[in-house]
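Engineer: See final_30.cif below, with mmCIF, C-alpha atoms (C1' of nucleotides).
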```
data_structure
loop_
_atom_site.label_atom_id
_atom_site.label_comp_id
_atom_site.auth_asym_id
_atom_site.auth_seq_id
_atom_site.Cartn_x
_atom_site.Cartn_y
_atom_site.Cartn_z
CA MET A 93 80.88 76.30 94.01
CA SER A 94 84.33 74.80 94.27
CA PRO A 95 84.91 72.23 96.97
CA ARG A 96 86.45 72.95 100.30
CA LYS A 97 90.11 73.86 100.31
CA PRO A 98 92.00 70.67 99.36
CA SER A 99 94.90 71.18 101.74
CA THR A 100 92.90 70.95 104.94
CA LYS A 101 94.82 72.95 107.46
CA ASP A 102 92.06 74.31 109.62
CA LEU A 103 92.12 78.02 110.02
CA THR A 104 92.71 79.11 113.58
CA LYS A 105 92.63 82.41 115.40
CA GLU A 106 96.32 82.02 116.01
CA MET A 107 97.15 81.66 112.33
CA ILE A 108 95.16 84.77 111.52
CA ILE A 109 96.77 86.80 114.26
CA ASN A 110 100.21 85.59 113.26
CA GLU A 111 99.70 86.63 109.67
CA ALA A 112 98.20 89.97 110.63
CA HIS A 113 101.04 90.51 113.04
CA LYS A 114 103.58 89.66 110.36
CA GLN A 115 102.14 92.25 108.02
CA PHE A 116 101.82 94.72 110.89
CA ILE A 117 105.59 94.98 111.11
CA THR A 118 105.95 96.55 107.68
CA LYS A 119 102.48 97.97 107.08
CA ASP A 120 100.06 99.95 109.16
CA PHE A 121 96.49 99.21 110.14
CA GLN A 122 94.95 100.84 107.10
CA GLN A 123 97.26 99.18 104.64
CA ILE A 124 96.45 95.71 105.85
CA SER A 125 93.23 94.30 104.45
CA MET A 126 91.20 91.27 105.35
CA ARG A 127 91.81 90.12 101.81
CA SER A 128 95.61 90.46 102.07
CA ILE A 129 95.57 88.35 105.23
CA ALA A 130 93.26 85.79 103.64
CA LYS A 131 95.34 85.64 100.49
CA GLU A 132 98.53 84.92 102.41
CA LEU A 133 96.68 82.32 104.46
CA GLY A 134 95.22 80.71 101.34
CA CYS A 135 91.61 81.15 102.37
CA SER A 136 88.79 83.47 101.49
CA HIS A 137 88.46 86.67 103.45
CA GLY A 138 84.99 85.65 104.54
CA ALA A 139 86.46 82.77 106.52
CA ILE A 140 88.28 85.18 108.79
CA TYR A 141 84.97 86.65 109.84
CA TYR A 142 84.08 83.32 111.35
CA HIS A 143 86.94 83.70 113.80
CA PHE A 144 86.89 87.45 114.33
CA LYS A 145 83.90 89.70 114.19
CA ASN A 146 85.82 92.43 112.40
CA LYS A 147 89.20 93.82 111.50
CA ALA A 148 89.54 95.77 114.71
CA GLU A 149 89.17 92.65 116.82
CA ILE A 150 92.19 91.07 115.16
CA PHE A 151 94.32 94.08 115.80
CA TYR A 152 93.12 94.52 119.32
CA ALA A 153 94.37 91.02 120.06
CA ILE A 154 97.76 91.99 118.69
CA LEU A 155 97.87 95.28 120.54
CA SER A 156 97.42 93.71 123.94
CA ASP A 157 100.76 91.98 123.40
CA TYR A 158 102.38 95.28 122.63
CA PHE A 159 100.90 96.89 125.71
CA SER A 160 102.44 94.08 127.73
CA GLU A 161 105.75 94.60 126.03
CA LEU A 162 105.66 98.30 126.81
CA ASN A 163 104.85 97.62 130.44
CA ASN A 164 107.64 95.06 130.63
CA THR A 165 110.16 97.49 129.19
CA LEU A 166 109.09 99.95 131.81
CA ASN A 167 109.48 97.46 134.65
CA GLU A 168 112.85 96.27 133.43
CA ASN A 169 114.09 99.80 133.73
CA MET A 170 112.80 99.96 137.28
CA ASP A 171 114.79 97.21 138.92
CA GLY A 172 118.45 97.63 138.33
CA PRO A 173 121.56 98.88 140.05
CA GLU A 174 121.39 102.41 138.66
CA ASP A 175 120.53 105.43 140.73
CA HIS A 176 117.08 106.95 140.61
CA ASN A 177 117.89 109.68 138.16
CA THR A 178 119.44 107.29 135.66
CA LYS A 179 116.45 105.03 135.96
CA LEU A 180 114.12 107.92 135.34
CA LEU A 181 116.06 108.78 132.21
CA ASN A 182 115.86 105.16 131.08
CA VAL A 183 112.12 105.11 131.61
CA PHE A 184 111.68 108.16 129.43
CA VAL A 185 114.07 106.95 126.77
CA GLY A 186 112.50 103.51 126.90
CA PHE A 187 109.06 104.87 126.21
CA MET A 188 110.20 106.90 123.24
CA ALA A 189 112.33 104.05 121.90
CA PHE A 190 109.35 101.72 122.07
CA GLY A 191 107.20 104.17 120.16
CA LEU A 192 109.79 104.75 117.46
CA ASN A 193 110.62 101.09 117.05
CA ASN A 194 106.98 100.02 116.82
CA GLN A 195 105.46 102.89 114.94
CA SER A 196 102.48 101.14 113.40
CA GLN A 197 101.63 99.60 116.73
CA TYR A 198 102.16 102.80 118.68
CA GLU A 199 99.89 104.60 116.28
CA LEU A 200 97.05 102.24 117.05
CA MET A 201 97.84 102.15 120.76
CA PHE A 202 98.00 105.86 121.44
CA ILE A 203 97.38 107.92 118.33
CA MET A 204 94.53 106.55 116.25
CA ARG A 205 92.47 104.89 118.90
CA ASP A 206 89.23 106.33 117.53
CA ARG A 207 86.11 104.41 116.74
CA GLU A 208 88.02 101.71 114.91
CA ILE A 209 89.83 99.93 117.67
CA ASP A 210 87.32 101.41 120.11
CA GLY A 211 87.43 101.62 123.85
CA LEU A 212 89.20 98.34 124.47
CA SER A 213 92.62 99.65 123.63
CA GLN A 214 91.90 102.92 125.41
CA GLU A 215 91.61 101.02 128.66
CA ALA A 216 94.96 99.35 128.10
CA ALA A 217 96.47 102.73 127.28
CA ASN A 218 95.19 104.17 130.54
CA LEU A 219 96.63 101.23 132.42
CA SER A 220 99.99 101.75 130.78
CA TYR A 221 99.87 105.37 131.81
CA GLU A 222 99.09 104.46 135.42
CA GLU A 223 102.09 102.19 135.52
CA PHE A 224 104.24 104.92 134.03
CA ALA A 225 103.00 107.48 136.55
CA GLN A 226 103.63 105.14 139.46
CA SER A 227 107.17 104.47 138.28
CA VAL A 228 108.00 108.12 137.85
CA ARG A 229 106.56 108.94 141.25
CA SER A 230 108.63 106.29 142.98
CA LEU A 231 111.81 107.33 141.21
CA SER A 232 111.57 110.94 142.25
CA LYS A 233 113.39 112.16 145.30
CA THR A 234 110.75 114.78 145.99
CA GLU A 235 106.99 114.59 145.97
CA LEU A 236 105.83 115.31 142.44
CA LEU A 237 102.65 116.97 141.29
CA ILE A 238 100.46 114.51 139.46
CA SER A 239 99.90 117.20 136.87
CA ASP A 240 103.64 117.38 136.26
CA ILE A 241 103.81 113.65 135.70
CA HIS A 242 100.91 113.89 133.33
CA SER A 243 102.51 116.72 131.41
CA THR A 244 105.68 114.68 131.18
CA PHE A 245 103.85 111.73 129.72
CA ILE A 246 102.14 113.98 127.20
CA ALA A 247 105.50 115.43 126.24
CA LEU A 248 106.91 111.95 125.64
CA HIS A 249 103.88 111.06 123.59
CA GLY A 250 104.36 114.23 121.59
CA PHE A 251 107.91 113.23 120.80
CA VAL A 252 106.89 109.91 119.31
CA ALA A 253 103.91 111.40 117.48
CA HIS A 254 106.20 114.00 115.94
CA TYR A 255 109.33 112.05 115.15
CA ARG A 256 107.63 109.07 113.56
CA HIS A 257 107.30 111.24 110.48
CA TYR A 258 111.03 111.75 110.26
CA VAL A 259 112.74 108.58 111.47
CA LYS A 260 112.26 104.87 110.96
CA ASN A 261 113.43 103.74 114.39
CA TYR A 262 114.92 104.76 117.71
CA GLU A 263 118.47 104.55 116.44
CA GLU A 264 117.88 107.37 113.99
CA ALA A 265 116.65 109.71 116.71
CA LYS A 266 118.91 108.60 119.54
CA GLU A 267 120.35 112.01 120.25
CA ALA A 268 117.07 113.87 120.04
CA VAL A 269 115.48 111.33 122.37
CA ASP A 270 118.23 111.89 124.90
CA VAL A 271 117.92 115.65 124.73
CA HIS A 272 114.16 115.53 125.14
CA ALA A 273 114.38 113.12 128.07
CA LYS A 274 116.87 115.36 129.83
CA PHE A 275 114.68 118.39 129.24
CA LEU A 276 111.81 116.62 130.96
CA ILE A 277 113.93 115.53 133.88
CA LYS A 278 115.07 119.08 134.31
CA ALA A 279 111.44 120.22 134.23
CA LEU A 280 110.40 117.62 136.79
CA THR A 281 113.31 118.28 139.07
CA PHE A 282 112.80 122.01 139.25
CA ARG A 283 110.88 123.20 142.27
CA GLU A 284 110.16 126.85 142.85
CA MET B 258 72.93 109.35 79.29
CA SER B 259 70.98 112.13 80.91
CA PRO B 260 71.47 115.63 79.57
CA ARG B 261 73.72 118.16 81.21
CA LYS B 262 72.53 119.47 84.52
CA PRO B 263 69.63 121.83 83.83
CA SER B 264 70.53 124.48 86.40
CA THR B 265 73.80 125.55 84.81
CA LYS B 266 75.87 126.94 87.65
CA ASP B 267 79.38 126.29 86.47
CA LEU B 268 81.47 124.37 88.89
CA THR B 269 84.41 126.33 90.26
CA LYS B 270 87.40 125.48 92.39
CA GLU B 271 86.01 127.80 95.00
CA MET B 272 82.70 125.99 95.20
CA ILE B 273 84.47 122.69 95.64
CA ILE B 274 86.76 124.01 98.33
CA ASN B 275 83.87 125.65 100.13
CA GLU B 276 81.90 122.45 100.21
CA ALA B 277 84.90 120.36 101.28
CA HIS B 278 85.66 122.94 103.93
CA LYS B 279 82.09 122.85 105.17
CA GLN B 280 82.21 119.10 105.61
CA PHE B 281 85.68 119.36 107.12
CA ILE B 282 84.25 121.08 110.18
CA THR B 283 82.26 118.06 111.27
CA LYS B 284 84.07 115.22 109.53
CA ASP B 285 87.69 114.28 109.08
CA PHE B 286 89.69 113.74 105.92
CA GLN B 287 88.89 110.07 105.64
CA GLN B 288 85.19 110.49 106.20
CA ILE B 289 84.84 113.00 103.40
CA SER B 290 84.59 111.45 99.96
CA MET B 291 84.78 112.94 96.52
CA ARG B 292 81.29 111.59 96.02
CA SER B 293 79.90 113.27 99.12
CA ILE B 294 81.27 116.59 97.93
CA ALA B 295 79.88 116.05 94.45
CA LYS B 296 76.51 115.01 95.77
CA GLU B 297 76.14 118.15 97.84
CA LEU B 298 77.29 120.22 94.89
CA GLY B 299 74.82 118.49 92.57
CA CYS B 300 77.45 117.30 90.14
CA SER B 301 79.19 114.05 89.36
CA HIS B 302 82.33 113.20 91.26
CA GLY B 303 84.18 112.95 87.98
CA ALA B 304 83.68 116.67 87.41
CA ILE B 305 85.72 117.48 90.50
CA TYR B 306 88.71 115.76 88.94
CA TYR B 307 88.64 118.32 86.18
CA HIS B 308 89.36 121.04 88.74
CA PHE B 309 91.59 119.14 91.16
CA LYS B 310 93.95 116.35 90.34
CA ASN B 311 93.04 114.41 93.48
CA LYS B 312 91.49 114.54 96.91
CA ALA B 313 94.70 115.63 98.62
CA GLU B 314 94.94 118.71 96.44
CA ILE B 315 91.58 119.96 97.65
CA PHE B 316 92.52 119.54 101.25
CA TYR B 317 95.93 121.04 100.83
CA ALA B 318 94.25 124.18 99.57
CA ILE B 319 92.12 124.25 102.69
CA LEU B 320 95.02 123.54 105.01
CA SER B 321 97.04 126.50 103.86
CA ASP B 322 94.29 128.73 105.22
CA TYR B 323 94.50 127.00 108.56
CA PHE B 324 98.26 127.38 108.67
CA SER B 325 97.75 131.10 108.12
CA GLU B 326 95.18 131.20 110.87
CA LEU B 327 97.54 129.46 113.26
CA ASN B 328 100.32 131.89 112.41
CA ASN B 329 97.98 134.83 112.86
CA THR B 330 96.86 133.60 116.26
CA LEU B 331 100.49 133.37 117.21
CA ASN B 332 101.27 136.88 116.05
CA GLU B 333 98.23 138.35 117.74
CA ASN B 334 99.53 137.02 121.01
CA MET B 335 102.87 138.64 120.35
CA ASP B 336 101.92 142.29 120.14
CA GLY B 337 99.94 143.36 123.14
CA PRO B 338 100.37 145.18 126.42
CA GLU B 339 101.04 142.09 128.51
CA ASP B 340 104.41 141.26 129.96
CA HIS B 341 106.63 138.67 128.34
CA ASN B 342 105.71 135.84 130.59
CA THR B 343 101.99 136.33 130.06
CA LYS B 344 102.55 136.48 126.33
CA LEU B 345 104.52 133.27 126.43
CA LEU B 346 101.67 131.62 128.27
CA ASN B 347 99.22 132.93 125.69
CA VAL B 348 101.33 131.56 122.86
CA PHE B 349 101.33 128.11 124.42
CA VAL B 350 97.64 128.20 125.26
CA GLY B 351 96.88 129.62 121.82
CA PHE B 352 98.59 126.74 120.08
CA MET B 353 96.78 124.11 122.09
CA ALA B 354 93.46 125.91 121.75
CA PHE B 355 93.87 126.01 117.99
CA GLY B 356 94.59 122.31 117.87
CA LEU B 357 91.63 121.38 120.04
CA ASN B 358 89.23 123.69 118.24
CA ASN B 359 90.25 122.47 114.79
CA GLN B 360 90.87 118.83 115.41
CA SER B 361 90.29 117.47 111.93
CA GLN B 362 92.45 120.18 110.47
CA TYR B 363 95.17 119.81 113.08
CA GLU B 364 95.28 116.12 112.39
CA LEU B 365 96.07 116.72 108.74
CA MET B 366 98.45 119.58 109.51
CA PHE B 367 100.62 117.89 112.10
CA ILE B 368 99.55 114.34 112.78
CA MET B 369 98.65 112.48 109.60
CA ARG B 370 100.81 114.29 107.12
CA ASP B 371 101.97 111.03 105.53
CA ARG B 372 101.89 110.18 101.87
CA GLU B 373 98.37 111.45 101.42
CA ILE B 374 98.75 115.17 101.76
CA ASP B 375 102.45 114.76 100.91
CA GLY B 376 105.31 117.12 101.41
CA LEU B 377 103.45 120.33 100.69
CA SER B 378 101.85 120.55 104.08
CA GLN B 379 105.03 119.43 105.78
CA GLU B 380 106.73 122.56 104.52
CA ALA B 381 103.97 124.73 105.94
CA ALA B 382 104.24 122.88 109.24
CA ASN B 383 107.97 123.56 109.40
CA LEU B 384 107.35 127.21 108.69
CA SER B 385 104.80 127.38 111.48
CA TYR B 386 107.31 125.85 113.80
CA GLU B 387 109.97 128.39 112.85
CA GLU B 388 107.58 131.21 113.64
CA PHE B 389 106.75 129.60 116.94
CA ALA B 390 110.40 129.14 117.83
CA GLN B 391 111.21 132.74 116.96
CA SER B 392 108.36 134.01 119.12
CA VAL B 393 109.36 131.95 122.10
CA ARG B 394 112.97 133.03 121.76
CA SER B 395 112.08 136.70 121.68
CA LEU B 396 109.75 136.40 124.66
CA SER B 397 112.31 134.82 126.90
CA LYS B 398 114.33 136.95 129.27
CA THR B 399 117.30 134.64 129.04
CA GLU B 400 118.96 132.98 126.07
CA LEU B 401 117.19 129.69 125.45
CA LEU B 402 118.58 126.47 124.07
CA ILE B 403 117.05 125.69 120.71
CA SER B 404 116.62 122.13 121.90
CA ASP B 405 114.51 123.39 124.80
CA ILE B 406 112.28 125.30 122.44
CA HIS B 407 111.95 122.25 120.28
CA SER B 408 111.09 120.07 123.24
CA THR B 409 108.48 122.60 124.27
CA PHE B 410 106.87 122.53 120.86
CA ILE B 411 106.80 118.75 120.91
CA ALA B 412 105.20 118.83 124.33
CA LEU B 413 102.48 121.17 123.07
CA HIS B 414 101.93 118.92 120.09
CA GLY B 415 101.67 115.96 122.42
CA PHE B 416 98.96 117.68 124.39
CA VAL B 417 96.78 118.21 121.35
CA ALA B 418 97.47 114.74 119.98
CA HIS B 419 96.47 113.25 123.31
CA TYR B 420 93.51 115.35 124.35
CA ARG B 421 91.72 115.27 121.02
CA HIS B 422 90.57 111.81 122.03
CA TYR B 423 88.92 113.11 125.14
CA VAL B 424 87.54 116.57 124.42
CA LYS B 425 85.66 118.22 121.60
CA ASN B 426 87.16 121.68 121.94
CA TYR B 427 89.45 123.94 123.93
CA GLU B 428 86.74 124.88 126.39
CA GLU B 429 86.47 121.33 127.64
CA ALA B 430 90.18 121.15 128.41
CA LYS B 431 90.73 124.72 129.54
CA GLU B 432 92.18 123.85 132.94
CA ALA B 433 94.42 121.07 131.66
CA VAL B 434 95.73 123.37 128.93
CA ASP B 435 96.62 125.98 131.51
CA VAL B 436 98.38 123.49 133.74
CA HIS B 437 100.40 122.09 130.85
CA ALA B 438 101.38 125.54 129.62
CA LYS B 439 102.57 126.51 133.06
CA PHE B 440 104.56 123.32 133.36
CA LEU B 441 106.37 124.16 130.14
CA ILE B 442 107.07 127.71 131.20
CA LYS B 443 108.52 126.41 134.41
CA ALA B 444 110.68 124.01 132.42
CA LEU B 445 111.90 126.74 130.09
CA THR B 446 112.54 129.21 132.85
CA PHE B 447 114.65 126.86 134.93
CA ARG B 448 118.38 127.25 134.44
CA GLU B 449 120.85 125.11 136.30
"C1'" DC C 229 73.36 55.79 108.28
"C1'" DT C 230 71.44 59.92 109.64
"C1'" DT C 231 71.87 64.36 111.95
"C1'" DA C 232 73.93 68.37 113.97
"C1'" DT C 233 77.85 71.18 114.38
"C1'" DT C 234 81.73 73.53 112.77
"C1'" DG C 235 84.34 75.77 108.92
"C1'" DT C 236 84.68 77.64 104.51
"C1'" DT C 237 83.49 79.54 100.20
"C1'" DA C 238 82.04 82.83 96.90
"C1'" DA C 239 78.66 85.80 95.60
"C1'" DC C 240 76.98 89.90 97.12
"C1'" DC C 241 76.44 94.75 99.34
"C1'" DA C 242 77.68 99.54 99.72
"C1'" DC C 243 81.32 101.99 99.70
"C1'" DT C 244 86.16 104.31 98.29
"C1'" DG C 245 89.64 107.14 94.96
"C1'" DG C 246 90.60 107.53 90.40
"C1'" DT C 247 90.30 107.30 84.94
"C1'" DC C 248 88.43 108.33 80.58
"C1'" DA C 249 85.69 108.20 76.19
"C1'" DA C 250 81.89 110.45 74.97
"C1'" DA C 251 78.80 113.92 74.97
"C1'" DA C 252 76.89 118.35 76.15
"C1'" DA C 253 77.35 123.50 76.54
"C1'" DG C 254 78.72 127.66 74.98
"C1'" DG C 255 81.08 130.96 72.15
"C1'" DA C 256 83.05 132.69 67.61
"C1'" DG C 257 82.82 133.21 62.87
"C1'" DA C 258 80.52 132.65 58.40
"C1'" DT D 63 71.16 129.70 61.30
"C1'" DC D 64 74.87 126.42 60.77
"C1'" DT D 65 79.22 124.90 61.42
"C1'" DC D 66 83.64 124.48 64.19
"C1'" DC D 67 86.13 124.51 68.32
"C1'" DT D 68 87.11 124.54 73.24
"C1'" DT D 69 85.82 124.00 77.88
"C1'" DT D 70 83.08 121.24 81.15
"C1'" DT D 71 80.60 117.53 82.62
"C1'" DT D 72 78.87 113.01 82.71
"C1'" DG D 73 78.56 108.27 83.97
"C1'" DA D 74 80.33 103.89 83.02
"C1'" DC D 75 84.19 101.61 84.52
"C1'" DC D 76 88.37 99.89 87.32
"C1'" DA D 77 90.44 97.91 91.30
"C1'" DG D 78 90.13 98.05 95.73
"C1'" DT D 79 87.96 98.21 100.77
"C1'" DG D 80 85.16 96.08 105.14
"C1'" DG D 81 81.40 93.38 106.01
"C1'" DT D 82 77.29 89.87 105.39
"C1'" DT D 83 75.24 85.60 104.21
"C1'" DA D 84 73.22 81.51 101.72
"C1'" DA D 85 74.95 77.44 100.53
"C1'" DC D 86 77.81 73.78 101.02
"C1'" DA D 87 81.76 70.66 102.67
"C1'" DA D 88 84.09 68.22 106.52
"C1'" DT D 89 83.76 66.18 110.66
"C1'" DA D 90 81.94 64.24 114.75
"C1'" DA D 91 77.83 62.46 117.45
"C1'" DG D 92 73.65 59.84 117.84
#
```
Once more with this new file: its structure as structure tokens, please.
Structural biologist:
Amino acid sequence: MSPRKPSTKDLTKEMIINEAHKQFITKDFQQISMRSIAKELGCSHGAIYYHFKNKAEIFYAILSDYFSELNNTLNENMDGPEDHNTKLLNVFVGFMAFGLNNQSQYELMFIMRDREIDGLSQEAANLSYEEFAQSVRSLSKTELLISDIHSTFIALHGFVAHYRHYVKNYEEAKEAVDVHAKFLIKALTFRE
Amino acid sequence: MSPRKPSTKDLTKEMIINEAHKQFITKDFQQISMRSIAKELGCSHGAIYYHFKNKAEIFYAILSDYFSELNNTLNENMDGPEDHNTKLLNVFVGFMAFGLNNQSQYELMFIMRDREIDGLSQEAANLSYEEFAQSVRSLSKTELLISDIHSTFIALHGFVAHYRHYVKNYEEAKEAVDVHAKFLIKALTFRE
DNA sequence: CTTATTGTTAACCACTGGTCAAAAAGGAGA
DNA sequence: TCTCCTTTTTGACCAGTGGTTAACAATAAG
């Protein structure tokens, strides 16, 4: 009916992702709608479907950045002057801090991850876990059971999944994070 | 427009809850709509709002039963002929089994629990935790740190939150559940 | 000056949770 | 039986969702 948008700034994938990403900081996946993105971008929501096949595809693109960030955080903790035990603690704390500081993202990366964002993100999650497991293994003085590493990861995940209901960010759960991390180190260290 | 439903079976809260509960076994909170409940009940969805103020209220009523069931499972594991360590294992396994066998319910009880089902269920969740903590404390031979008990609970929660993506019920994760439970017992038992 | 391609719009679909005026059902009393 | 009243129920309606698609505008290619 009405002519093409007068201000002809072509819509790009990047613009869409940027806007979605912007909203993703304060809102979660469900609260962000194609229409809210379109509105902020000054286009119709139908236009977005030309660039992305659905809502999940937009968010998957965003999530891959966050998976990278998580992996980077992990690696940064690996090379440093500290001793192995300190590094291990930092890896644990780093994981929980990431989850608490990026709650909406973490939810999609590790918690929701159902049909919506489908298998794509699941693969990235598995990769992140592999990296985590490898790091923990190399930081341990003794040979660890892979099941123990797995249990440790699950325990870290549990912490984030639980505390995101009570705190807004890592800062607010600093002490609890530390306590939990030390509990896990104790558990890993113990050999019968 | 059309006259009142011919077959006059008055709608009751119980009927609504039963139907919602029935659907809750195969679908999750989001997949169940007021209209799907009404359709199965042969009434209009508006009628349901006469008996319940909103969707959350229906599901909160259902959840309280599940919280009771979880608490009962816990208590059943407490009194028995087994030794303390076996009981402790059963408590851990019991919690994870419950979560994996009632995934939709567990999600609402401990994972979603945001605005939707609001604070009501949070209170029940805290109560469940208290009961859990008390049980663990009484089953331990030595005096436990409350932080260790809390970390253990979080680790159990993490297991359910993680494995519900991969298995349909407890049976499918039996071995992993056992391994995780034993890891946590080891962690709790260890004293430096 | 056509023609084809790329982008964009807006109407449309089938849903959702929730509200509410109106009407129906059923009982009590005359 | 005929009112009168209360409790239930209906279905139209609202504002919103993700997703599709015919039509059309802008641009580039021939």
Engineer: Please, what distance in Å, to one decimal, runs between C1' of DT71 (chain D) and CA of Ala304 (chain B)?
Structural biologist: 5.8 Å
Engineer: Considering only C-alpha atoms, state which residue in the set B:Asp285, B:Ala295, B:Thr343, B:Ser290 is at the smallest distance from chain A.
Structural biologist: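 Among B:Asp285, B:Ala295, B:Thr343, B:Ser290, it is B:Asp285 that comes nearest to chain A.
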Engineer: Show which residues sit within 12 Å of DG254 (chain C), as a count of residues only. Count all atoms listed in the file, and ignore same-chain residues fewer than 5 positions away.
Structural biologist: 6
Engineer: Counting all atoms listed in the file, which residues from chain A have an atom at most 9 Å from any atom of chain B, and could you show them as a PyMOL selection string?
Structural biologist: chain A and resi 202-206+239-240+242-254+257+268+271-272+275-276+278-280+282-284
Engineer: Where does the PyMOL selection byres ((chain B and resi 278) around 12) land in this file, that is, which residues does it pick, as a count of residues only?
Structural biologist: 30
Engineer: Using all atoms listed in the file, what residues lie at most 7 Å away from (84.9, 92.5, 102.9) (file coordinates), given as a PyMOL selection string?
Structural biologist: (chain A and resi 126+137) or (chain D and resi 79-81)
Engineer: Write the residues you've just listed into a file as a PDB file, keeping the file's coordinate frame, and include C-alpha atoms (C1' of nucleotides) for each of them.
Structural biologist:
```
ATOM      1  CA  MET A 126      91.200  91.270 105.350  1.00  0.00           C
ATOM      2  CA  HIS A 137      88.460  86.670 103.450  1.00  0.00           C
TER       3      HIS A 137
ATOM      4  C1'  DT D  79      87.960  98.210 100.770  1.00  0.00           C
ATOM      5  C1'  DG D  80      85.160  96.080 105.140  1.00  0.00           C
ATOM      6  C1'  DG D  81      81.400  93.380 106.010  1.00  0.00           C
TER       7       DG D  81
END
```
